[in-house]
Amino acid sequence: MSTGYGDEEGMGPMERGRNRYQKKHYAGALQAFTEAVRMSTGHMLLTALDHRAATYEKLEQLQPALKDAKQMIELKPELSKVTQELVQKRDIITKGVYRAIYDLKGERELALKIYERGLKKVKVGTDEERVKLQAMFSKLQNLQEPRRCLDPLTYLPLELAQMITEQLISKSWKRLLESSHKLWITLDTSCAKRQLSQKALRAHVKRSNYTVDRVITSQAGIDAQRLQYLTKYCKKLQYLKICYSGLIGETLLSALPMANNLAHLELSPACSIKLTAVIDALNMVKDTIEVARFYHVTGARIRNAVWPRLEALKDLHLTAYEDSGQIYNLLDVIPNIETLSLFAFELRGSEMDLTHLRKLQNLELVNATLPAHPKFPETIKSLDLTSLSCAERVNLEMKLPLLESFSCQHSAVSTIAVQTIMKSAINLKQAKIGFRYDEPATAATFPRCQSLEELSLQASLYEEADLIDITTKCPKLQSLNLDDTYITGVAVKHFVGLGIKKLSLNRCNGVSLDAVEYARSKGVQVQYSFRDRYAL
(Lines give C-alpha, C1' and ligand atoms only; values in the text may rest on other atoms or scores of the structure.)
Protein backbone atom coordinates (compact mmCIF):
# COMPACT_ATOMS: atom_id res chain seq x y z
CA MET A 1 0.00 0.00 0.00
CA SER A 2 1.42 3.40 -0.99
CA THR A 3 2.23 5.72 1.93
CA GLY A 4 2.72 8.84 -0.18
CA TYR A 5 6.32 9.20 1.08
CA GLY A 6 8.04 7.21 -1.66
CA ASP A 7 9.82 3.86 -1.26
CA GLU A 8 10.55 3.36 2.47
CA GLU A 9 10.96 -0.40 2.38
CA GLY A 10 13.75 -1.55 4.68
CA MET A 11 14.10 1.85 6.40
CA GLY A 12 14.16 2.21 10.16
CA PRO A 13 12.04 4.84 11.95
CA MET A 14 14.90 7.37 12.01
CA GLU A 15 15.54 7.06 8.27
CA ARG A 16 11.82 7.24 7.53
CA GLY A 17 11.53 10.41 9.60
CA ARG A 18 14.46 12.08 7.81
CA ASN A 19 13.05 11.08 4.42
CA ARG A 20 9.65 12.57 5.22
CA TYR A 21 11.18 15.68 6.80
CA GLN A 22 13.18 16.40 3.62
CA LYS A 23 9.97 16.08 1.60
CA LYS A 24 8.24 18.48 4.05
CA HIS A 25 5.77 15.82 5.18
CA TYR A 26 6.16 17.00 8.78
CA ALA A 27 3.19 15.13 10.24
CA GLY A 28 4.54 11.84 8.90
CA ALA A 29 8.06 12.73 10.04
CA LEU A 30 6.77 13.40 13.55
CA GLN A 31 5.15 9.98 13.64
CA ALA A 32 8.40 8.29 12.57
CA PHE A 33 10.62 10.25 14.99
CA THR A 34 8.23 9.48 17.87
CA GLU A 35 8.64 5.78 17.08
CA ALA A 36 12.42 6.27 17.06
CA VAL A 37 12.31 7.97 20.49
CA ARG A 38 10.46 4.99 21.96
CA MET A 39 13.00 2.52 20.53
CA SER A 40 16.29 4.41 21.14
CA THR A 41 18.72 4.91 24.01
CA GLY A 42 21.91 6.92 24.58
CA HIS A 43 23.12 9.08 21.72
CA MET A 44 20.50 7.67 19.37
CA LEU A 45 17.77 8.84 21.76
CA LEU A 46 19.42 12.26 21.87
CA THR A 47 19.41 12.44 18.07
CA ALA A 48 15.80 11.28 17.87
CA LEU A 49 14.72 13.92 20.38
CA ASP A 50 16.62 16.59 18.46
CA HIS A 51 14.94 15.62 15.18
CA ARG A 52 11.51 15.45 16.77
CA ALA A 53 11.95 18.88 18.39
CA ALA A 54 12.85 20.34 14.99
CA THR A 55 9.73 18.75 13.51
CA TYR A 56 7.56 20.14 16.29
CA GLU A 57 8.99 23.57 15.50
CA LYS A 58 8.04 23.23 11.84
CA LEU A 59 4.52 22.36 12.95
CA GLU A 60 4.56 25.40 15.30
CA GLN A 61 4.02 23.20 18.35
CA LEU A 62 6.35 25.00 20.72
CA GLN A 63 5.43 23.32 23.99
CA PRO A 64 6.41 19.77 22.99
CA ALA A 65 9.52 21.14 21.23
CA LEU A 66 10.67 22.72 24.48
CA LYS A 67 9.85 19.54 26.37
CA ASP A 68 12.10 17.48 24.05
CA ALA A 69 14.90 20.04 24.39
CA LYS A 70 14.73 19.87 28.19
CA GLN A 71 14.85 16.09 28.04
CA MET A 72 18.04 16.38 25.97
CA ILE A 73 19.65 18.43 28.75
CA GLU A 74 18.63 15.88 31.36
CA LEU A 75 20.19 13.11 29.28
CA LYS A 76 23.49 14.89 28.48
CA PRO A 77 23.89 18.02 30.65
CA GLU A 78 27.61 18.22 29.89
CA LEU A 79 27.02 18.99 26.21
CA SER A 80 26.95 22.73 25.56
CA LYS A 81 25.36 22.13 22.18
CA VAL A 82 22.26 20.76 23.89
CA THR A 83 21.81 23.89 25.98
CA GLN A 84 22.29 26.07 22.92
CA GLU A 85 19.69 23.99 21.05
CA LEU A 86 17.13 24.67 23.77
CA VAL A 87 17.49 28.43 23.53
CA GLN A 88 17.67 28.55 19.77
CA LYS A 89 14.47 26.57 19.25
CA ARG A 90 12.56 29.82 18.84
CA ASP A 91 15.47 32.24 18.34
CA ILE A 92 14.93 33.81 21.75
CA ILE A 93 17.95 36.07 21.31
CA THR A 94 17.21 37.58 17.93
CA LYS A 95 13.43 37.71 17.86
CA GLY A 96 12.75 38.92 21.38
CA VAL A 97 8.96 38.74 21.07
CA TYR A 98 6.98 35.58 20.39
CA ARG A 99 4.29 33.55 22.03
CA ALA A 100 5.35 33.07 25.65
CA ILE A 101 6.12 29.51 26.74
CA TYR A 102 4.68 28.39 30.07
CA ASP A 103 2.76 31.69 30.09
CA LEU A 104 6.02 33.53 30.73
CA LYS A 105 6.89 36.93 29.33
CA GLY A 106 10.33 38.38 28.93
CA GLU A 107 11.89 35.58 26.88
CA ARG A 108 15.38 37.04 27.15
CA GLU A 109 15.43 36.52 30.92
CA LEU A 110 14.39 32.90 30.40
CA ALA A 111 17.11 32.46 27.78
CA LEU A 112 19.73 33.93 30.12
CA LYS A 113 18.80 31.43 32.83
CA ILE A 114 19.04 28.54 30.39
CA TYR A 115 22.42 29.71 29.06
CA GLU A 116 23.74 30.21 32.57
CA ARG A 117 22.65 26.75 33.63
CA GLY A 118 24.30 25.25 30.58
CA LEU A 119 27.59 27.06 31.19
CA LYS A 120 27.68 25.76 34.77
CA LYS A 121 27.18 22.20 33.57
CA VAL A 122 29.83 22.32 30.84
CA LYS A 123 33.51 22.14 31.70
CA VAL A 124 35.60 25.24 31.05
CA GLY A 125 37.77 24.80 27.99
CA THR A 126 38.18 25.62 24.33
CA ASP A 127 35.34 23.41 23.13
CA GLU A 128 33.99 25.12 19.98
CA GLU A 129 30.38 24.71 21.06
CA ARG A 130 31.12 26.11 24.53
CA VAL A 131 32.88 29.13 23.04
CA LYS A 132 29.84 29.76 20.86
CA LEU A 133 27.53 29.34 23.84
CA GLN A 134 29.58 31.81 25.90
CA ALA A 135 29.53 34.35 23.05
CA MET A 136 25.76 34.13 22.72
CA PHE A 137 25.34 34.44 26.49
CA SER A 138 27.49 37.59 26.53
CA LYS A 139 25.62 39.06 23.59
CA LEU A 140 22.30 38.55 25.31
CA GLN A 141 23.63 40.10 28.50
CA ASN A 142 24.65 43.21 26.56
CA LEU A 143 21.19 43.45 25.04
CA GLN A 144 19.68 43.35 28.50
CA GLU A 145 21.84 46.18 29.83
CA PRO A 146 20.26 49.65 29.69
CA ARG A 147 21.41 51.80 26.79
CA ARG A 148 23.90 54.49 27.66
CA CYS A 149 22.97 56.76 24.73
CA LEU A 150 19.48 58.24 24.71
CA ASP A 151 17.71 59.68 21.70
CA PRO A 152 16.70 63.24 22.65
CA LEU A 153 13.79 63.17 20.20
CA THR A 154 12.35 60.28 22.20
CA TYR A 155 12.94 61.39 25.76
CA LEU A 156 12.87 65.19 25.64
CA PRO A 157 9.82 67.44 25.27
CA LEU A 158 9.15 68.27 21.64
CA GLU A 159 9.86 71.99 22.09
CA LEU A 160 13.24 71.31 23.71
CA ALA A 161 14.19 68.71 21.10
CA GLN A 162 13.34 71.23 18.37
CA MET A 163 15.58 73.86 19.99
CA ILE A 164 18.46 71.36 20.09
CA THR A 165 18.12 70.32 16.46
CA GLU A 166 17.98 73.96 15.39
CA GLN A 167 21.44 74.42 16.91
CA LEU A 168 22.94 71.49 14.99
CA ILE A 169 24.77 73.72 12.56
CA SER A 170 27.97 72.22 11.21
CA LYS A 171 29.43 71.27 7.87
CA SER A 172 29.26 67.56 8.64
CA TRP A 173 25.60 67.81 9.69
CA LYS A 174 24.82 69.84 6.58
CA ARG A 175 26.55 67.32 4.32
CA LEU A 176 24.66 64.48 5.96
CA LEU A 177 21.30 66.11 5.37
CA GLU A 178 22.09 67.16 1.81
CA SER A 179 23.32 63.69 0.87
CA SER A 180 20.10 62.02 2.05
CA HIS A 181 18.09 62.42 -1.15
CA LYS A 182 14.91 60.91 0.26
CA LEU A 183 14.64 63.76 2.77
CA TRP A 184 14.02 66.16 -0.10
CA ILE A 185 11.57 64.32 -2.35
CA THR A 186 8.64 66.27 -0.79
CA LEU A 187 8.46 70.05 -1.15
CA ASP A 188 5.94 71.60 1.25
CA THR A 189 5.64 75.39 1.37
CA SER A 190 2.00 75.46 2.48
CA CYS A 191 2.95 77.32 5.69
CA ALA A 192 5.36 79.76 4.03
CA LYS A 193 4.73 83.43 4.80
CA ARG A 194 6.93 84.71 2.02
CA GLN A 195 7.83 83.45 -1.41
CA LEU A 196 10.47 80.77 -1.74
CA SER A 197 13.50 82.19 -3.53
CA GLN A 198 14.54 80.69 -6.84
CA LYS A 199 17.94 79.85 -5.33
CA ALA A 200 16.40 77.95 -2.42
CA LEU A 201 14.06 76.10 -4.77
CA ARG A 202 16.92 75.00 -7.01
CA ALA A 203 18.94 73.88 -3.98
CA HIS A 204 16.05 71.77 -2.71
CA VAL A 205 15.52 70.12 -6.09
CA LYS A 206 19.25 69.43 -6.44
CA ARG A 207 19.43 67.84 -2.99
CA SER A 208 16.64 65.49 -4.00
CA ASN A 209 18.72 64.49 -7.01
CA TYR A 210 15.87 65.89 -9.11
CA THR A 211 13.48 63.24 -7.76
CA VAL A 212 10.88 65.48 -6.08
CA ASP A 213 7.60 63.58 -6.47
CA ARG A 214 5.29 65.47 -4.11
CA VAL A 215 4.65 69.25 -3.99
CA ILE A 216 2.32 71.06 -1.59
CA THR A 217 2.54 74.79 -2.05
CA SER A 218 0.76 77.97 -0.98
CA GLN A 219 0.01 81.32 -2.54
CA ALA A 220 3.10 82.81 -0.89
CA GLY A 221 5.36 79.99 -2.00
CA ILE A 222 4.47 79.67 -5.67
CA ASP A 223 4.31 81.59 -8.90
CA ALA A 224 4.32 80.63 -12.57
CA GLN A 225 8.12 80.67 -12.90
CA ARG A 226 8.74 78.42 -9.89
CA LEU A 227 5.97 76.00 -10.77
CA GLN A 228 7.33 75.71 -14.31
CA TYR A 229 10.78 74.97 -12.90
CA LEU A 230 9.38 72.15 -10.76
CA THR A 231 7.45 70.47 -13.56
CA LYS A 232 10.35 70.87 -15.99
CA TYR A 233 13.15 69.43 -13.84
CA CYS A 234 11.26 67.08 -11.50
CA LYS A 235 10.29 64.37 -13.95
CA LYS A 236 8.99 62.12 -11.16
CA LEU A 237 6.47 64.68 -9.91
CA GLN A 238 3.24 62.78 -9.24
CA TYR A 239 1.42 64.79 -6.56
CA LEU A 240 0.61 68.51 -6.77
CA LYS A 241 -1.60 70.31 -4.25
CA ILE A 242 -2.01 74.09 -4.34
CA CYS A 243 -3.26 75.83 -1.19
CA TYR A 244 -4.09 79.16 -2.79
CA SER A 245 -6.43 82.01 -1.90
CA GLY A 246 -7.92 83.53 -4.99
CA LEU A 247 -8.31 82.73 -8.67
CA ILE A 248 -5.72 80.55 -10.35
CA GLY A 249 -5.50 79.76 -14.02
CA GLU A 250 -2.54 80.71 -16.20
CA THR A 251 -0.05 79.95 -13.40
CA LEU A 252 -1.22 76.34 -13.36
CA LEU A 253 -1.77 75.94 -17.09
CA SER A 254 1.70 77.25 -17.94
CA ALA A 255 3.36 74.48 -15.91
CA LEU A 256 1.23 71.41 -16.58
CA PRO A 257 2.42 70.65 -20.14
CA MET A 258 5.79 69.58 -18.66
CA ALA A 259 4.27 67.43 -15.87
CA ASN A 260 4.49 64.16 -17.76
CA ASN A 261 3.92 61.88 -14.75
CA LEU A 262 1.40 63.86 -12.72
CA ALA A 263 -1.17 61.53 -11.13
CA HIS A 264 -2.73 63.71 -8.40
CA LEU A 265 -3.87 67.33 -8.88
CA GLU A 266 -5.73 69.12 -6.10
CA LEU A 267 -6.70 72.74 -5.41
CA SER A 268 -7.79 73.83 -1.93
CA PRO A 269 -11.36 75.14 -1.31
CA ALA A 270 -10.06 78.73 -1.19
CA CYS A 271 -8.42 78.33 -4.59
CA SER A 272 -10.97 79.11 -7.29
CA ILE A 273 -10.63 78.10 -10.92
CA LYS A 274 -12.85 78.51 -13.96
CA LEU A 275 -14.44 75.46 -15.53
CA THR A 276 -12.67 76.15 -18.82
CA ALA A 277 -9.33 76.10 -16.98
CA VAL A 278 -10.26 72.81 -15.31
CA ILE A 279 -10.95 71.25 -18.70
CA ASP A 280 -7.70 72.63 -20.16
CA ALA A 281 -5.69 71.41 -17.15
CA LEU A 282 -7.09 67.90 -17.36
CA ASN A 283 -6.47 67.84 -21.10
CA MET A 284 -2.77 68.54 -20.49
CA VAL A 285 -2.36 65.59 -18.11
CA LYS A 286 -5.05 63.31 -19.53
CA ASP A 287 -2.73 60.32 -20.00
CA THR A 288 -1.49 60.13 -16.39
CA ILE A 289 -3.98 61.89 -14.10
CA GLU A 290 -5.67 59.54 -11.60
CA VAL A 291 -6.99 61.94 -8.94
CA ALA A 292 -8.35 65.43 -9.68
CA ARG A 293 -10.04 67.56 -7.03
CA PHE A 294 -11.34 71.10 -7.57
CA TYR A 295 -13.37 72.46 -4.65
CA HIS A 296 -14.18 75.93 -6.03
CA VAL A 297 -15.16 75.91 -9.71
CA THR A 298 -16.54 79.17 -11.10
CA GLY A 299 -18.13 80.00 -14.44
CA ALA A 300 -19.50 76.49 -14.63
CA ARG A 301 -22.56 77.25 -16.77
CA ILE A 302 -20.87 76.69 -20.10
CA ARG A 303 -22.70 75.03 -22.94
CA ASN A 304 -21.00 72.65 -25.32
CA ALA A 305 -17.89 72.29 -23.14
CA VAL A 306 -15.86 69.39 -24.53
CA TRP A 307 -14.08 67.28 -21.91
CA PRO A 308 -10.99 65.27 -22.90
CA ARG A 309 -11.09 61.50 -22.61
CA LEU A 310 -9.58 60.58 -19.22
CA GLU A 311 -8.82 56.87 -19.33
CA ALA A 312 -6.59 56.88 -16.21
CA LEU A 313 -8.87 58.99 -14.00
CA LYS A 314 -10.12 57.15 -10.89
CA ASP A 315 -11.16 59.96 -8.53
CA LEU A 316 -12.84 63.24 -9.56
CA HIS A 317 -14.28 65.98 -7.33
CA LEU A 318 -15.92 69.15 -8.68
CA THR A 319 -17.74 71.77 -6.58
CA ALA A 320 -19.52 74.58 -8.43
CA TYR A 321 -19.70 78.02 -6.80
CA GLU A 322 -21.72 81.19 -7.46
CA ASP A 323 -24.32 79.31 -9.48
CA SER A 324 -24.94 75.69 -10.32
CA GLY A 325 -22.80 74.17 -13.02
CA GLN A 326 -23.81 72.02 -15.93
CA ILE A 327 -22.17 68.80 -17.03
CA TYR A 328 -22.65 67.54 -20.56
CA ASN A 329 -20.26 64.94 -21.96
CA LEU A 330 -18.15 64.44 -18.81
CA LEU A 331 -19.82 61.15 -17.90
CA ASP A 332 -18.90 59.72 -21.30
CA VAL A 333 -15.13 60.32 -21.02
CA ILE A 334 -14.31 58.78 -17.60
CA PRO A 335 -14.73 55.01 -18.22
CA ASN A 336 -12.52 53.88 -15.32
CA ILE A 337 -13.78 56.27 -12.64
CA GLU A 338 -14.09 54.77 -9.13
CA THR A 339 -15.00 57.85 -7.06
CA LEU A 340 -17.13 60.65 -8.54
CA SER A 341 -18.16 63.70 -6.48
CA LEU A 342 -20.22 66.47 -8.09
CA PHE A 343 -21.45 69.26 -5.81
CA ALA A 344 -24.03 71.80 -7.01
CA PHE A 345 -24.08 70.59 -10.62
CA GLU A 346 -27.05 70.10 -12.90
CA LEU A 347 -27.30 66.76 -14.65
CA ARG A 348 -30.32 67.42 -16.79
CA GLY A 349 -31.66 65.57 -19.79
CA SER A 350 -34.22 62.93 -20.55
CA GLU A 351 -32.15 60.40 -18.60
CA MET A 352 -28.77 59.95 -16.95
CA ASP A 353 -27.31 56.51 -17.49
CA LEU A 354 -24.16 55.64 -15.51
CA THR A 355 -24.40 51.89 -15.96
CA HIS A 356 -21.45 51.95 -18.37
CA LEU A 357 -19.16 53.04 -15.49
CA ARG A 358 -18.35 49.49 -14.43
CA LYS A 359 -15.75 50.48 -11.81
CA LEU A 360 -17.74 53.22 -10.07
CA GLN A 361 -17.92 52.54 -6.30
CA ASN A 362 -18.39 55.94 -4.63
CA LEU A 363 -20.88 58.46 -6.01
CA GLU A 364 -21.65 61.86 -4.46
CA LEU A 365 -24.29 64.04 -6.11
CA VAL A 366 -24.74 66.64 -3.35
CA ASN A 367 -27.00 69.65 -3.88
CA ALA A 368 -27.33 68.46 -7.45
CA THR A 369 -30.17 68.36 -9.94
CA LEU A 370 -30.95 65.04 -11.62
CA PRO A 371 -33.29 64.02 -14.41
CA ALA A 372 -36.37 62.09 -13.37
CA HIS A 373 -35.06 58.63 -14.29
CA PRO A 374 -31.32 58.24 -13.56
CA LYS A 375 -29.60 54.86 -13.77
CA PHE A 376 -26.69 53.86 -11.53
CA PRO A 377 -24.37 50.83 -11.87
CA GLU A 378 -24.74 47.96 -9.41
CA THR A 379 -21.07 48.31 -8.42
CA ILE A 380 -21.76 51.35 -6.19
CA LYS A 381 -20.78 50.92 -2.53
CA SER A 382 -21.34 54.50 -1.32
CA LEU A 383 -24.15 56.77 -2.58
CA ASP A 384 -24.68 60.34 -1.30
CA LEU A 385 -27.69 62.24 -2.64
CA THR A 386 -27.91 64.87 0.11
CA SER A 387 -29.99 67.93 -0.81
CA LEU A 388 -30.86 66.45 -4.18
CA SER A 389 -33.39 68.55 -6.06
CA CYS A 390 -35.50 67.93 -9.12
CA ALA A 391 -38.40 69.53 -10.98
CA GLU A 392 -40.29 66.25 -10.58
CA ARG A 393 -39.91 63.36 -8.19
CA VAL A 394 -36.73 61.36 -8.80
CA ASN A 395 -37.37 57.71 -9.52
CA LEU A 396 -34.54 55.67 -8.02
CA GLU A 397 -36.28 52.33 -7.82
CA MET A 398 -33.12 50.35 -8.55
CA LYS A 399 -31.18 47.59 -6.85
CA LEU A 400 -27.69 48.24 -5.50
CA PRO A 401 -26.61 44.95 -3.87
CA LEU A 402 -23.07 46.13 -2.96
CA LEU A 403 -24.19 49.37 -1.29
CA GLU A 404 -22.65 49.97 2.16
CA SER A 405 -23.36 53.68 2.74
CA PHE A 406 -26.48 55.59 1.64
CA SER A 407 -27.52 59.21 2.26
CA CYS A 408 -30.51 61.08 0.87
CA GLN A 409 -31.32 63.63 3.59
CA HIS A 410 -33.09 66.84 2.54
CA SER A 411 -33.74 65.36 -0.90
CA ALA A 412 -36.49 64.61 -3.39
CA VAL A 413 -35.83 60.87 -3.35
CA SER A 414 -39.12 59.00 -3.00
CA THR A 415 -39.94 56.66 -0.13
CA ILE A 416 -40.42 53.76 -2.54
CA ALA A 417 -36.93 54.36 -3.93
CA VAL A 418 -35.41 54.43 -0.43
CA GLN A 419 -37.14 51.18 0.48
CA THR A 420 -36.10 49.47 -2.76
CA ILE A 421 -32.47 50.50 -2.41
CA MET A 422 -32.19 49.56 1.27
CA LYS A 423 -33.94 46.24 0.77
CA SER A 424 -31.55 45.21 -2.01
CA ALA A 425 -28.40 46.36 -0.15
CA ILE A 426 -27.62 43.27 1.92
CA ASN A 427 -24.31 44.80 3.15
CA LEU A 428 -25.69 48.24 4.06
CA LYS A 429 -23.86 49.63 7.12
CA GLN A 430 -24.79 53.32 7.17
CA ALA A 431 -28.00 55.12 6.15
CA LYS A 432 -28.94 58.81 6.47
CA ILE A 433 -32.55 59.16 5.33
CA GLY A 434 -34.08 61.88 7.51
CA PHE A 435 -36.08 64.96 6.47
CA ARG A 436 -37.10 64.02 2.94
CA TYR A 437 -39.82 65.74 0.96
CA ASP A 438 -41.67 62.46 0.44
CA GLU A 439 -41.72 60.88 3.90
CA PRO A 440 -44.60 58.48 4.64
CA ALA A 441 -46.96 58.89 7.57
CA THR A 442 -46.04 55.50 9.07
CA ALA A 443 -43.03 53.20 9.04
CA ALA A 444 -44.99 50.02 8.34
CA THR A 445 -43.27 49.47 4.99
CA PHE A 446 -39.74 50.18 6.25
CA PRO A 447 -37.59 47.19 5.21
CA ARG A 448 -35.64 44.96 7.57
CA CYS A 449 -31.93 45.81 7.50
CA GLN A 450 -29.97 42.94 9.00
CA SER A 451 -26.55 44.56 8.49
CA LEU A 452 -27.31 48.23 9.30
CA GLU A 453 -25.08 49.66 12.06
CA GLU A 454 -25.58 53.44 11.77
CA LEU A 455 -28.91 55.17 11.06
CA SER A 456 -29.81 58.86 10.88
CA LEU A 457 -33.45 59.96 10.95
CA GLN A 458 -32.70 63.57 11.77
CA ALA A 459 -35.73 65.91 11.57
CA SER A 460 -37.94 62.97 10.65
CA LEU A 461 -41.70 63.44 11.00
CA TYR A 462 -42.30 59.85 12.11
CA GLU A 463 -44.18 59.31 15.36
CA GLU A 464 -42.33 57.83 18.33
CA ALA A 465 -43.95 54.41 17.86
CA ASP A 466 -42.81 54.33 14.22
CA LEU A 467 -39.24 55.21 15.19
CA ILE A 468 -39.24 52.38 17.71
CA ASP A 469 -40.62 50.03 15.04
CA ILE A 470 -37.86 51.03 12.62
CA THR A 471 -35.08 50.32 15.12
CA THR A 472 -36.46 46.86 15.90
CA LYS A 473 -35.99 46.03 12.21
CA CYS A 474 -32.25 46.76 12.49
CA PRO A 475 -30.84 44.13 14.91
CA LYS A 476 -27.18 45.23 14.53
CA LEU A 477 -27.83 48.95 15.01
CA GLN A 478 -25.07 50.67 17.04
CA SER A 479 -25.49 54.39 16.29
CA LEU A 480 -28.78 56.31 15.99
CA ASN A 481 -29.29 60.00 15.15
CA LEU A 482 -32.73 61.37 16.10
CA ASP A 483 -31.92 65.08 16.27
CA ASP A 484 -34.96 67.37 15.95
CA THR A 485 -37.53 64.60 16.44
CA TYR A 486 -40.43 64.32 18.88
CA ILE A 487 -39.37 61.26 20.88
CA THR A 488 -39.60 60.89 24.68
CA GLY A 489 -37.81 58.98 27.40
CA VAL A 490 -39.87 55.89 26.55
CA ALA A 491 -38.09 55.58 23.21
CA VAL A 492 -34.70 56.26 24.81
CA LYS A 493 -35.21 53.38 27.25
CA HIS A 494 -36.20 51.12 24.35
CA PHE A 495 -33.06 52.06 22.38
CA VAL A 496 -30.87 51.29 25.39
CA GLY A 497 -32.52 47.89 25.65
CA LEU A 498 -31.68 47.19 22.01
CA GLY A 499 -27.98 47.61 22.76
CA ILE A 500 -27.45 50.84 20.85
CA LYS A 501 -24.09 52.37 21.85
CA LYS A 502 -24.42 55.92 20.48
CA LEU A 503 -27.44 58.25 20.53
CA SER A 504 -27.78 61.78 19.18
CA LEU A 505 -30.75 63.60 20.74
CA ASN A 506 -29.97 67.24 20.06
CA ARG A 507 -33.00 69.52 20.27
CA CYS A 508 -35.31 66.66 21.30
CA ASN A 509 -37.36 68.64 23.82
CA GLY A 510 -39.52 65.64 24.68
CA VAL A 511 -36.53 63.84 26.23
CA SER A 512 -35.84 64.63 29.89
CA LEU A 513 -32.43 64.89 31.53
CA ASP A 514 -33.30 61.83 33.61
CA ALA A 515 -33.68 59.75 30.44
CA VAL A 516 -30.35 61.03 29.15
CA GLU A 517 -28.59 60.21 32.43
CA TYR A 518 -30.20 56.76 32.45
CA ALA A 519 -28.80 56.02 28.99
CA ARG A 520 -25.35 57.26 29.96
CA SER A 521 -25.38 55.14 33.11
CA LYS A 522 -25.84 52.11 30.85
CA GLY A 523 -22.72 52.98 28.88
CA VAL A 524 -24.45 54.70 25.96
CA GLN A 525 -22.69 57.72 24.44
CA VAL A 526 -25.36 60.43 24.25
CA GLN A 527 -25.21 63.82 22.51
CA TYR A 528 -27.91 66.09 23.89
CA SER A 529 -28.65 69.80 23.73
CA PHE A 530 -31.74 71.99 24.12
CA ARG A 531 -33.68 73.47 21.23
CA ASP A 532 -33.13 77.19 20.68
CA ARG A 533 -36.40 78.80 21.75
CA TYR A 534 -35.82 81.67 19.34
CA ALA A 535 -35.16 79.42 16.32
CA LEU A 536 -37.73 79.66 13.55
# chains A, B, ... in the order shown; residues from 1 in each chain; ligands from 1

$ select_by_dssp --residues "stretch 255-492 of chain A" --states "strand (DSSP E or B)" --output "count of residues only"
59

$ atom_distance --atom1 "atom CA of A:Gln228" --atom2 "atom CA of A:Val215"
12.5 Å

$ closest_atom_pairs --of "stretch 404-456 of chain A" --to "stretch 484-505 of chain A" --cutoff "12 Å" --atoms "only C-alpha atoms" --output "tab-separated table"
residue	atom	partner	partner_atom	distance
A:Gly434	CA	A:Thr485	CA	10.0
A:Phe435	CA	A:Asp484	CA	9.8
A:Leu452	CA	A:Ile500	CA	11.8
A:Glu453	CA	A:Ile500	CA	9.2
A:Glu454	CA	A:Lys502	CA	9.1
A:Leu455	CA	A:Leu503	CA	10.1
A:Ser456	CA	A:Ser504	CA	9.0

$ write_last_selection --atoms "N, CA and C atoms" --output "CSV table (one decimal), in the first residue's frame"
chain,number,residue,atom,x,y,z
A,434,GLY,N,-33.1,61.0,6.8
A,434,GLY,CA,-34.1,61.9,7.5
A,434,GLY,C,-34.5,63.1,6.7
A,435,PHE,N,-35.6,63.7,7.0
A,435,PHE,CA,-36.1,65.0,6.5
A,435,PHE,C,-36.1,64.9,4.9
A,452,LEU,N,-27.4,46.8,9.0
A,452,LEU,CA,-27.3,48.2,9.3
A,452,LEU,C,-26.8,48.5,10.7
A,453,GLU,N,-25.7,49.3,10.8
A,453,GLU,CA,-25.1,49.7,12.1
A,453,GLU,C,-25.3,51.1,12.4
A,454,GLU,N,-25.4,52.0,11.5
A,454,GLU,CA,-25.6,53.4,11.8
A,454,GLU,C,-26.8,54.0,11.0
A,455,LEU,N,-27.7,54.7,11.7
A,455,LEU,CA,-28.9,55.2,11.1
A,455,LEU,C,-29.2,56.6,11.5
A,456,SER,N,-29.4,57.5,10.6
A,456,SER,CA,-29.8,58.9,10.9
A,456,SER,C,-31.2,59.1,10.4

$ residues_around --residues "A:Ala425" --least-positions-apart "5" --cutoff "7 Å" --atoms "only C-alpha atoms" --output "PDB file with N, CA and C atoms, in the first residue's frame"
ATOM      1  N   LEU A 400     -29.124  48.026  -5.661  1.00  0.00           N
ATOM      2  CA  LEU A 400     -27.688  48.243  -5.503  1.00  0.00           C
ATOM      3  C   LEU A 400     -27.183  47.245  -4.459  1.00  0.00           C
ATOM      4  N   PRO A 401     -26.918  46.016  -4.845  1.00  0.00           N
ATOM      5  CA  PRO A 401     -26.609  44.953  -3.870  1.00  0.00           C
ATOM      6  C   PRO A 401     -25.312  45.161  -3.099  1.00  0.00           C
ATOM      7  N   LEU A 402     -24.361  45.933  -3.626  1.00  0.00           N
ATOM      8  CA  LEU A 402     -23.074  46.131  -2.956  1.00  0.00           C
ATOM      9  C   LEU A 402     -23.047  47.375  -2.078  1.00  0.00           C
ATOM     10  N   LEU A 403     -24.148  48.093  -2.007  1.00  0.00           N
ATOM     11  CA  LEU A 403     -24.187  49.369  -1.291  1.00  0.00           C
ATOM     12  C   LEU A 403     -23.910  49.175   0.199  1.00  0.00           C
TER      13      LEU A 403
END

$ residues_around --residues "A:Asn427" --least-positions-apart "4" --cutoff "12 Å" --atoms "only C-alpha atoms" --output "PyMOL selection string"
chain A and resi 380-382+400-406+421-423+431+449-453+476
